[in-house]
file structure-v9.csv (CSV, C-alpha atoms and all ligand atoms)
chain,number,residue,atom,x,y,z
A,4,MET,CA,-1.0,5.8,16.0
A,5,ILE,CA,-0.5,2.6,14.0
A,6,TYR,CA,-0.1,-0.6,16.1
A,7,THR,CA,1.0,-3.9,14.6
A,8,LEU,CA,0.2,-7.3,16.1
A,9,THR,CA,2.4,-10.3,15.6
A,10,LEU,CA,1.0,-13.3,17.6
A,11,ASN,CA,4.0,-15.5,16.5
A,12,PRO,CA,7.1,-13.4,15.9
A,13,SER,CA,10.3,-15.1,14.5
A,14,VAL,CA,14.0,-14.7,14.0
A,15,ASP,CA,14.2,-15.2,10.3
A,16,TYR,CA,17.4,-17.0,9.5
A,17,VAL,CA,18.1,-16.6,5.8
A,18,ILE,CA,20.7,-18.9,4.3
A,19,GLN,CA,22.0,-19.0,0.8
A,20,LEU,CA,23.4,-22.2,-0.7
A,21,GLU,CA,24.7,-23.0,-4.2
A,22,GLU,CA,22.4,-26.0,-4.3
A,23,LEU,CA,20.5,-27.9,-1.6
A,24,LYS,CA,21.7,-31.5,-1.3
A,25,LEU,CA,19.2,-33.4,0.8
A,26,GLY,CA,20.7,-36.0,3.1
A,27,GLU,CA,24.2,-34.5,2.7
A,28,LEU,CA,26.4,-31.8,4.4
A,29,ASN,CA,25.6,-28.4,2.9
A,30,ARG,CA,27.8,-25.4,3.6
A,31,VAL,CA,26.3,-21.9,3.3
A,32,LEU,CA,27.4,-19.2,1.0
A,33,ARG,CA,25.8,-16.4,2.9
A,34,GLU,CA,23.6,-16.1,6.0
A,35,ALA,CA,21.7,-13.3,7.7
A,36,LYS,CA,19.3,-13.0,10.7
A,37,PHE,CA,16.4,-10.6,10.8
A,38,PRO,CA,13.6,-9.8,13.3
A,39,GLY,CA,10.6,-11.3,11.6
A,40,GLY,CA,6.9,-12.1,11.7
A,41,LYS,CA,4.4,-10.2,9.6
A,42,GLY,CA,3.4,-7.4,12.0
A,43,ILE,CA,7.0,-6.8,13.0
A,44,ASN,CA,8.0,-6.5,9.3
A,45,VAL,CA,5.2,-3.9,8.8
A,46,SER,CA,6.6,-1.9,11.7
A,47,ARG,CA,10.1,-2.1,10.4
A,48,VAL,CA,9.1,-0.9,6.9
A,49,LEU,CA,6.8,1.9,8.3
A,50,GLN,CA,9.8,3.1,10.4
A,51,ARG,CA,12.0,3.3,7.2
A,52,MET,CA,9.2,5.4,5.6
A,53,GLY,CA,9.2,7.8,8.5
A,54,VAL,CA,6.0,6.5,10.0
A,55,SER,CA,6.1,5.5,13.7
A,56,SER,CA,4.2,2.5,15.0
A,57,LYS,CA,4.1,0.3,18.1
A,58,ALA,CA,4.7,-3.5,17.8
A,59,LEU,CA,2.5,-5.7,19.9
A,60,GLY,CA,2.4,-9.5,20.3
A,61,PHE,CA,4.0,-12.3,22.3
A,62,ILE,CA,7.7,-12.6,22.7
A,63,GLY,CA,10.1,-14.8,24.8
A,64,GLY,CA,13.5,-16.3,25.5
A,65,PHE,CA,16.8,-15.5,23.9
A,66,THR,CA,15.3,-15.1,20.4
A,67,GLY,CA,12.7,-12.7,21.8
A,68,LYS,CA,15.4,-10.6,23.4
A,69,TYR,CA,17.3,-10.5,20.1
A,70,ILE,CA,14.2,-9.2,18.3
A,71,GLU,CA,13.5,-6.6,21.0
A,72,GLU,CA,17.1,-5.4,20.8
A,73,ARG,CA,17.1,-5.2,17.0
A,74,LEU,CA,13.8,-3.2,17.1
A,75,LYS,CA,15.2,-0.9,19.7
A,76,GLN,CA,18.3,-0.3,17.5
A,77,GLU,CA,15.9,0.7,14.7
A,78,LYS,CA,14.0,3.0,17.1
A,79,ILE,CA,10.7,1.0,16.8
A,80,SER,CA,8.6,1.1,20.0
A,81,CYS,CA,7.3,-2.2,21.3
A,82,ASP,CA,4.9,-3.3,24.0
A,83,PHE,CA,5.1,-7.1,23.8
A,84,VAL,CA,3.6,-9.6,26.3
A,85,HIS,CA,6.6,-11.7,27.5
A,86,VAL,CA,5.9,-15.4,27.5
A,87,LYS,CA,8.0,-18.3,29.0
A,88,GLY,CA,9.3,-20.2,26.0
A,89,ASP,CA,11.6,-19.1,23.2
A,90,THR,CA,10.3,-17.1,20.2
A,91,ARG,CA,10.6,-19.3,17.1
A,92,ILE,CA,13.3,-19.4,14.4
A,93,ASN,CA,12.1,-19.5,10.8
A,94,VAL,CA,14.5,-20.8,8.2
A,95,LYS,CA,14.5,-19.2,4.8
A,96,LEU,CA,16.5,-21.3,2.4
A,97,GLN,CA,17.7,-19.9,-0.9
A,98,ALA,CA,19.1,-22.4,-3.3
A,99,GLY,CA,17.9,-21.4,-6.7
A,100,THR,CA,14.3,-21.4,-5.4
A,101,GLU,CA,13.1,-20.2,-2.0
A,102,THR,CA,12.1,-22.8,0.6
A,103,GLU,CA,10.6,-21.6,3.9
A,104,ILE,CA,10.4,-23.6,7.2
A,105,ASN,CA,8.3,-21.8,9.7
A,106,ALA,CA,8.4,-23.2,13.3
A,107,SER,CA,5.4,-23.4,15.6
A,108,GLY,CA,6.4,-21.0,18.4
A,109,PRO,CA,6.3,-21.0,22.3
A,110,PRO,CA,3.3,-21.8,24.5
A,111,ILE,CA,1.0,-18.9,25.4
A,112,SER,CA,-1.0,-19.0,28.6
A,113,LYS,CA,-4.5,-17.7,29.3
A,114,ALA,CA,-3.0,-14.9,31.4
A,115,ASP,CA,-0.7,-14.0,28.5
A,116,PHE,CA,-3.7,-13.7,26.2
A,117,GLU,CA,-5.6,-11.7,28.7
A,118,ALA,CA,-2.7,-9.3,29.0
A,119,LEU,CA,-2.7,-8.8,25.2
A,120,LYS,CA,-6.4,-8.2,25.1
A,121,GLU,CA,-6.0,-5.5,27.7
A,122,LYS,CA,-3.4,-3.7,25.5
A,123,ILE,CA,-5.7,-4.0,22.4
A,124,GLY,CA,-8.6,-2.7,24.5
A,125,ALA,CA,-6.7,0.5,25.2
A,126,LEU,CA,-6.6,1.5,21.5
A,127,THR,CA,-9.0,4.2,20.4
A,128,GLY,CA,-10.9,5.4,17.3
A,129,ARG,CA,-7.8,7.4,16.3
A,130,ASP,CA,-5.7,4.2,16.1
A,131,VAL,CA,-5.1,1.5,13.4
A,132,LEU,CA,-4.3,-2.1,14.3
A,133,VAL,CA,-2.5,-4.3,11.8
A,134,LEU,CA,-3.2,-8.0,12.5
A,135,ALA,CA,-0.8,-10.0,10.5
A,136,GLY,CA,0.5,-13.6,10.3
A,137,SER,CA,-0.5,-17.0,11.6
A,138,VAL,CA,-2.2,-17.8,14.8
A,139,PRO,CA,0.1,-20.1,16.9
A,140,ALA,CA,-1.3,-23.6,17.2
A,141,VAL,CA,-1.6,-23.2,21.0
A,142,LEU,CA,-4.3,-20.5,20.5
A,143,PRO,CA,-7.8,-21.1,19.1
A,144,GLU,CA,-8.6,-20.3,15.5
A,145,THR,CA,-11.1,-17.7,16.7
A,146,THR,CA,-8.3,-15.6,18.3
A,147,TYR,CA,-8.3,-12.9,15.6
A,148,GLU,CA,-12.1,-12.7,15.7
A,149,GLU,CA,-12.0,-12.1,19.4
A,150,LEU,CA,-9.4,-9.4,19.0
A,151,VAL,CA,-11.2,-7.6,16.1
A,152,LYS,CA,-14.4,-7.5,18.2
A,153,ILE,CA,-12.5,-5.4,20.7
A,154,CYS,CA,-11.4,-3.1,17.8
A,155,VAL,CA,-15.0,-2.7,16.6
A,156,GLN,CA,-16.2,-1.9,20.1
A,157,ASN,CA,-13.6,0.9,20.4
A,158,GLY,CA,-13.9,2.2,16.8
A,159,THR,CA,-10.3,1.1,16.0
A,160,LYS,CA,-9.7,0.6,12.3
A,161,PHE,CA,-8.0,-2.7,11.5
A,162,VAL,CA,-6.0,-4.3,8.7
A,163,ALA,CA,-6.0,-8.1,8.3
A,164,ASP,CA,-3.2,-9.9,6.6
A,165,MET,CA,-3.6,-13.6,7.2
A,166,GLU,CA,-4.3,-16.9,5.4
A,167,GLY,CA,-7.8,-17.5,4.0
A,168,ARG,CA,-9.4,-19.5,6.8
A,169,LEU,CA,-8.5,-16.8,9.4
A,170,LEU,CA,-9.3,-14.0,7.0
A,171,GLU,CA,-12.8,-15.3,6.3
A,172,LYS,CA,-13.7,-15.0,10.0
A,173,VAL,CA,-12.8,-11.3,10.3
A,174,LEU,CA,-14.5,-10.1,7.1
A,175,PRO,CA,-17.9,-9.4,8.7
A,176,TYR,CA,-16.1,-6.9,11.1
A,177,ARG,CA,-15.2,-4.7,8.1
A,178,PRO,CA,-11.4,-4.6,7.9
A,179,PHE,CA,-10.0,-1.3,6.4
A,180,LEU,CA,-7.5,-3.3,4.3
A,181,ILE,CA,-6.8,-7.0,3.5
A,182,LYS,CA,-3.9,-8.3,1.5
A,183,PRO,CA,-4.2,-11.9,0.5
A,184,ASN,CA,-1.6,-13.2,-2.0
A,185,HIS,CA,-3.1,-15.1,-5.0
A,186,HIS,CA,-2.4,-18.5,-3.5
A,187,GLU,CA,-4.3,-17.6,-0.3
A,188,LEU,CA,-7.2,-16.1,-2.4
A,189,GLY,CA,-7.3,-19.2,-4.5
A,190,GLU,CA,-7.6,-21.4,-1.4
A,191,LEU,CA,-10.4,-19.2,-0.1
A,192,PHE,CA,-12.4,-19.7,-3.3
A,193,HIS,CA,-11.3,-23.2,-4.1
A,194,THR,CA,-9.8,-22.2,-7.4
A,195,GLU,CA,-6.5,-21.1,-9.0
A,196,ILE,CA,-6.0,-17.4,-9.5
A,197,ALA,CA,-3.9,-17.1,-12.7
A,198,ASP,CA,-4.6,-13.6,-13.9
A,199,PHE,CA,-5.7,-10.1,-13.0
A,200,ALA,CA,-9.3,-10.7,-14.1
A,201,GLN,CA,-9.7,-13.7,-11.7
A,202,ALA,CA,-8.1,-11.7,-8.9
A,203,VAL,CA,-10.4,-8.7,-9.4
A,204,ALA,CA,-13.5,-11.0,-9.5
A,205,CYS,CA,-12.5,-12.7,-6.2
A,206,GLY,CA,-11.4,-9.3,-4.7
A,207,LYS,CA,-14.9,-7.9,-5.4
A,208,ARG,CA,-16.5,-10.8,-3.6
A,209,LEU,CA,-14.3,-10.0,-0.6
A,210,VAL,CA,-15.5,-6.4,-0.7
A,211,GLN,CA,-19.1,-7.6,-0.8
A,212,ARG,CA,-18.3,-9.7,2.3
A,213,GLY,CA,-17.0,-6.8,4.3
A,214,ALA,CA,-13.5,-5.6,3.3
A,215,GLU,CA,-13.2,-1.9,2.5
A,216,ASN,CA,-10.0,-2.2,0.4
A,217,VAL,CA,-8.5,-5.4,-1.0
A,218,ILE,CA,-5.0,-5.8,-2.4
A,219,VAL,CA,-4.3,-9.2,-4.1
A,220,SER,CA,-0.5,-9.6,-4.4
A,221,MET,CA,0.6,-11.9,-7.2
A,222,ALA,CA,4.4,-12.1,-6.7
A,223,ASP,CA,6.2,-11.4,-10.0
A,224,GLN,CA,2.9,-10.8,-11.9
A,225,GLY,CA,2.2,-7.7,-9.8
A,226,ALA,CA,-1.0,-6.9,-7.9
A,227,VAL,CA,-4.6,-5.8,-8.1
A,228,PHE,CA,-6.6,-3.4,-5.9
A,229,VAL,CA,-10.3,-3.6,-5.4
A,230,SER,CA,-12.7,-1.4,-3.4
A,231,ARG,CA,-16.4,-0.6,-3.7
A,232,GLN,CA,-15.5,2.3,-6.1
A,233,SER,CA,-12.5,1.1,-8.0
A,234,ALA,CA,-10.4,-1.7,-9.5
A,235,PHE,CA,-6.8,-1.2,-10.4
A,236,MET,CA,-4.0,-3.4,-11.6
A,237,ALA,CA,-0.2,-3.0,-11.6
A,238,GLU,CA,2.5,-5.0,-13.3
A,239,VAL,CA,6.0,-5.0,-11.7
A,240,PRO,CA,9.4,-4.4,-13.3
A,241,LYS,CA,11.8,-7.4,-13.7
A,242,GLY,CA,14.7,-7.4,-11.4
A,243,GLU,CA,17.1,-9.7,-9.4
A,244,VAL,CA,15.1,-11.2,-6.6
A,245,LYS,CA,17.4,-11.3,-3.5
A,246,SER,CA,14.7,-12.4,-1.0
A,247,SER,CA,11.0,-12.1,-1.2
A,248,VAL,CA,10.6,-12.7,2.5
A,249,GLY,CA,8.5,-9.8,3.8
A,250,ALA,CA,7.5,-8.5,0.3
A,251,GLY,CA,3.8,-8.9,1.2
A,252,ASP,CA,4.3,-7.2,4.6
A,253,SER,CA,6.1,-4.3,2.8
A,254,MET,CA,3.0,-3.8,0.6
A,255,VAL,CA,0.8,-3.4,3.7
A,256,ALA,CA,3.3,-0.9,5.2
A,257,GLY,CA,3.6,1.0,1.9
A,258,PHE,CA,-0.1,1.3,1.5
A,259,LEU,CA,-0.6,2.6,5.1
A,260,ALA,CA,2.3,5.0,4.9
A,261,LYS,CA,1.1,6.6,1.7
A,262,TYR,CA,-2.6,6.5,2.6
A,263,GLU,CA,-1.8,8.3,5.9
A,264,GLU,CA,0.0,11.0,3.9
A,265,THR,CA,-2.5,11.5,1.0
A,266,GLY,CA,-5.8,9.7,1.8
A,267,ASP,CA,-5.6,8.6,-1.9
A,268,VAL,CA,-6.1,4.8,-2.4
A,269,LYS,CA,-4.6,4.8,-5.9
A,270,GLU,CA,-1.4,6.5,-4.8
A,271,ALA,CA,-1.3,4.3,-1.8
A,272,PHE,CA,-1.6,1.2,-4.0
A,273,ARG,CA,1.2,2.4,-6.3
A,274,TYR,CA,3.5,3.0,-3.3
A,275,SER,CA,2.5,-0.4,-1.9
A,276,VAL,CA,3.4,-2.3,-5.1
A,277,ALA,CA,6.8,-0.4,-5.3
A,278,SER,CA,7.4,-1.4,-1.7
A,279,GLY,CA,6.8,-5.1,-2.4
A,280,CYS,CA,9.2,-5.0,-5.4
A,281,ALA,CA,11.8,-3.1,-3.4
A,282,THR,CA,11.8,-5.7,-0.7
A,283,ALA,CA,11.9,-8.6,-3.3
A,284,PHE,CA,15.0,-6.9,-4.8
A,285,SER,CA,16.7,-6.6,-1.4
A,286,LEU,CA,18.1,-9.1,1.1
A,287,ASP,CA,16.5,-7.4,4.0
A,288,LEU,CA,13.3,-5.3,3.9
A,289,CYS,CA,13.0,-2.3,1.5
A,290,THR,CA,14.4,1.2,2.2
A,291,LYS,CA,12.5,4.3,1.4
A,292,GLU,CA,15.2,5.2,-1.2
A,293,LYS,CA,14.8,1.9,-3.0
A,294,VAL,CA,11.0,2.2,-3.0
A,295,GLU,CA,11.2,5.7,-4.5
A,296,GLU,CA,13.7,4.5,-7.1
A,297,ILE,CA,11.2,1.8,-8.3
A,298,LEU,CA,8.1,4.0,-8.0
A,299,PRO,CA,8.3,5.7,-11.5
A,300,HIS,CA,8.3,2.1,-13.0
A,301,ILE,CA,5.0,1.2,-11.4
A,302,ILE,CA,2.1,2.1,-13.8
A,303,ILE,CA,-1.4,1.7,-12.3
A,304,LYS,CA,-4.1,1.0,-14.8
A,305,ASN,CA,-7.8,1.0,-14.2
A,306,PHE,CA,-9.0,-2.6,-14.5
A,307,GLY,CA,-10.7,-2.9,-17.8
A,308,GLY,CA,-9.9,0.7,-18.7
A,309,ASP,CA,-7.2,3.3,-19.3
A,310,SER,CA,-4.2,4.1,-17.1
A,311,GLY,CA,-4.6,7.1,-14.8
B,401,LIG,N1,9.8,-11.8,-8.3
B,401,LIG,C1,9.3,-10.6,-8.0
B,401,LIG,N2,9.6,-9.6,-8.9
B,401,LIG,C2,9.1,-8.4,-8.7
B,401,LIG,N3,8.3,-8.0,-7.6
B,401,LIG,C3,8.0,-9.0,-6.8
B,401,LIG,C4,8.5,-10.3,-6.9
B,401,LIG,N4,8.0,-11.1,-5.9
B,401,LIG,C5,7.2,-10.2,-5.1
B,401,LIG,N5,7.2,-9.0,-5.7
B,401,LIG,C6,6.5,-7.8,-5.1
B,401,LIG,O1,6.1,-8.1,-3.8
B,401,LIG,C7,4.6,-8.1,-3.8
B,401,LIG,C8,4.2,-9.2,-2.8
B,401,LIG,O2,4.7,-10.5,-3.2
B,401,LIG,P1,3.8,-11.8,-2.9
B,401,LIG,O3,4.8,-12.9,-3.1
B,401,LIG,O4,2.6,-11.8,-3.8
B,401,LIG,O5,3.4,-11.6,-1.4
B,401,LIG,P2,3.6,-12.5,-0.1
B,401,LIG,O6,5.0,-12.1,0.4
B,401,LIG,O7,2.5,-12.0,0.9
B,401,LIG,O8,3.4,-13.9,-0.5
B,401,LIG,C9,4.2,-8.3,-5.2
B,401,LIG,O9,2.9,-7.8,-5.5
B,401,LIG,C10,5.2,-7.5,-6.0
B,401,LIG,O10,4.9,-6.1,-5.9
B,402,LIG,O1,3.1,-16.1,10.8
B,402,LIG,P1,3.6,-17.0,9.6
B,402,LIG,O2,2.5,-17.2,8.6
B,402,LIG,O3,4.2,-18.3,10.1
B,402,LIG,O4,4.7,-16.1,8.8
B,402,LIG,C1,5.8,-15.7,9.4
B,402,LIG,C2,6.8,-15.4,8.4
B,402,LIG,O5,6.3,-14.4,7.5
B,402,LIG,C3,7.2,-13.3,7.3
B,402,LIG,O6,6.6,-12.3,8.1
B,402,LIG,C4,7.3,-13.0,5.8
B,402,LIG,O7,6.0,-12.8,5.3
B,402,LIG,P2,5.7,-12.4,3.8
B,402,LIG,O8,6.9,-12.9,2.9
B,402,LIG,O9,4.4,-13.1,3.4
B,402,LIG,O10,5.5,-10.9,3.7
B,402,LIG,C5,8.5,-13.8,7.9
B,402,LIG,O11,9.2,-12.7,8.4
B,402,LIG,C6,8.1,-14.8,8.9
B,402,LIG,O12,9.1,-15.8,9.0
call {"tool": "encode", "arguments": {"input": "structure-v9.csv", "output": "structure tokens"}}
result
Amino acid sequence: MIYTLTLNPSVDYVIQLEELKLGELNRVLREAKFPGGKGINVSRVLQRMGVSSKALGFIGGFTGKYIEERLKQEKISCDFVHVKGDTRINVKLQAGTETEINASGPPISKADFEALKEKIGALTGRDVLVLAGSVPAVLPETTYEELVKICVQNGTKFVADMEGRLLEKVLPYRPFLIKPNHHELGELFHTEIADFAQAVACGKRLVQRGAENVIVSMADQGAVFVSRQSAFMAEVPKGEVKSSVGAGDSMVAGFLAKYEETGDVKEAFRYSVASGCATAFSLDLCTKEKVEEILPHIIIKNFGGDSG
């Protein structure tokens, strides 16, 4: 069973404006609310691909209730730890460019954290845990490390999708998959990742440091895949970007869904890239139909070699 962990879920409030006028009254053109947070997005996309998962994490208040209801409507099973405060609202502002304002989230007590550890401790060697998103400021930076140690003890495979500083700490525990974007990767290596060659070079260093499979997403430039045996790259088709919120999370879900079906990393990478594009070209997350419509346009090339 795939489990996703969102330590800091959110209601994503997406608003579209003609133009943002700072210091003035702005009226919205369109607005939409979605249950969000990286692990939750992974669960939502997996469900659309016909793969069931269980969403874990901390949730609370009226916003938490909204998220649980929306997930229930989508038939996604959840086993959240309920906390006292309100789950955060993240604002995604589209006015020509995309501006994101992510809030900090509710307090989490020691007892809440212990309850979460108990749930993770119940996973087995047949399970996969996706740890995705930021660690709320109220928890220590070592939180993910503490949780992946439990996975290692129980033989649970884990996927890590988090910013560089947090990612670095879990690499020695051998994640099955990591998916930094090129900005996060650049921060990790104190450089700017401008092309596939630089992304592959840094991806290889992450494999040496413990990751089994690495996807580096590069927004409209596409993505690269690196493992001990292979390096692939994929360009992406041009299209109208409706909202790229959750594009990275969709890549993680796409990879896991296809890998579970085929056990083939190249096919899984192709499906992953198509899933990211399909989400970028949609207001909400991608549907399976949209992913499969884009799939024939995704050509995977061996890095430094021929297409295969
Ligand atoms: N403007 C875009 N055009 C086409 N595909 C995109 C675009 N933005 C994102 N994608 C797709 O989504 C994937 C993830 O996007 P990216 O912005 O790199 O991730 P994250 O959401 O984690 O920051 C990309 O590799 C690509 O497949
Ligand atoms: O935990 P963080 O880093 O604050 O990110 C949370 C935000 O990330 C998202 O999961 C989107 O992530 P991506 O666009 O990187 O895939 C939103 O749903 C949510 O608002």
call {"tool": "residues_near_ligand", "arguments": {"input": "structure-v9.csv", "ligand": "ligand LIG 402 (chain B)", "cutoff": "10 Å", "atoms": "only C-alpha atoms and all ligand atoms", "output": "PyMOL selection string"}}
result
chain A and resi 9-17+37-45+91-95+103-108+135-139+164-166+182-184+220+222+246-255+279+282-283+288
call {"tool": "closest_residue", "arguments": {"input": "structure-v9.csv", "among": "A:Leu180, A:Ala271, A:Val276, A:Val173", "to": "Thr146 in chain A", "atoms": "only C-alpha atoms"}}
result
A:Val173
call {"tool": "residues_near_point", "arguments": {"input": "structure-v9.csv", "point": "(-9.8, -16.2, 2.1)", "cutoff": "6 Å", "atoms": "all atoms listed in the file", "output": "list in words"}}
result
Gly167, Arg168, Leu170, Glu171, Leu188 and Leu191 of chain A
call {"tool": "atom_distance", "arguments": {"input": "structure-v9.csv", "atom1": "CA of Lys291 in chain A", "atom2": "CA of Glu187 in chain A"}}
result
27.7 Å
call {"tool": "closest_residue", "arguments": {"input": "structure-v9.csv", "among": "A:Leu259, A:Val268, A:Val203, A:Ala237", "to": "ligand LIG 401 (chain B)", "atoms": "all atoms listed in the file"}}
result
A:Ala237
call {"tool": "residues_around", "arguments": {"input": "structure-v9.csv", "residues": "Leu23 in chain A", "least_positions_apart": "3", "cutoff": "12 Å", "atoms": "only C-alpha atoms", "output": "PyMOL selection string"}}
result
chain A and resi 18-20+26-32+96-102
call {"tool": "residues_around", "arguments": {"input": "structure-v9.csv", "residues": "Gln224 in chain A", "least_positions_apart": "3", "cutoff": "7 Å", "atoms": "all atoms listed in the file", "output": "number ranges by chain"}}
result
A: 221, 238-239
call {"tool": "closest_residue", "arguments": {"input": "structure-v9.csv", "among": "A:Gly158, A:Pro240, A:Pro143, A:Gly124", "to": "ligand LIG 401 (chain B)", "atoms": "all atoms listed in the file"}}
result
A:Pro240
call {"tool": "build_atoms", "arguments": {"input": "structure-v9.csv", "residues": "range 167-181 of chain A", "atoms": "N, CA and C atoms", "output": "compact mmCIF listing (two decimals), in the frame of the given file"}}
result
# COMPACT_ATOMS: atom_id res chain seq x y z
N GLY A 167 -6.37 -17.51 4.30
CA GLY A 167 -7.80 -17.50 4.00
C GLY A 167 -8.77 -17.89 5.09
N ARG A 168 -8.50 -19.01 5.76
CA ARG A 168 -9.40 -19.50 6.80
C ARG A 168 -9.62 -18.48 7.90
N LEU A 169 -8.49 -17.81 8.28
CA LEU A 169 -8.50 -16.80 9.40
C LEU A 169 -9.16 -15.53 8.86
N LEU A 170 -8.83 -15.19 7.62
CA LEU A 170 -9.30 -14.00 7.00
C LEU A 170 -10.84 -13.96 6.91
N GLU A 171 -11.36 -15.10 6.50
CA GLU A 171 -12.80 -15.30 6.30
C GLU A 171 -13.57 -14.86 7.58
N LYS A 172 -12.99 -15.24 8.72
CA LYS A 172 -13.70 -15.00 10.00
C LYS A 172 -13.76 -13.53 10.38
N VAL A 173 -12.79 -12.71 9.87
CA VAL A 173 -12.80 -11.30 10.30
C VAL A 173 -13.49 -10.38 9.29
N LEU A 174 -13.83 -10.91 8.11
CA LEU A 174 -14.50 -10.10 7.10
C LEU A 174 -15.74 -9.37 7.55
N PRO A 175 -16.62 -10.07 8.28
CA PRO A 175 -17.90 -9.40 8.70
C PRO A 175 -17.62 -8.20 9.61
N TYR A 176 -16.42 -8.07 10.18
CA TYR A 176 -16.10 -6.90 11.10
C TYR A 176 -15.55 -5.74 10.30
N ARG A 177 -15.55 -5.82 8.99
CA ARG A 177 -15.20 -4.70 8.10
C ARG A 177 -13.78 -4.22 8.21
N PRO A 178 -12.80 -5.04 7.84
CA PRO A 178 -11.40 -4.60 7.90
C PRO A 178 -11.21 -3.41 6.87
N PHE A 179 -10.36 -2.46 7.24
CA PHE A 179 -10.00 -1.30 6.40
C PHE A 179 -9.26 -1.81 5.15
N LEU A 180 -8.37 -2.78 5.37
CA LEU A 180 -7.50 -3.30 4.30
C LEU A 180 -7.27 -4.80 4.53
N ILE A 181 -7.32 -5.60 3.45
CA ILE A 181 -6.80 -7.00 3.50
C ILE A 181 -5.85 -7.18 2.37
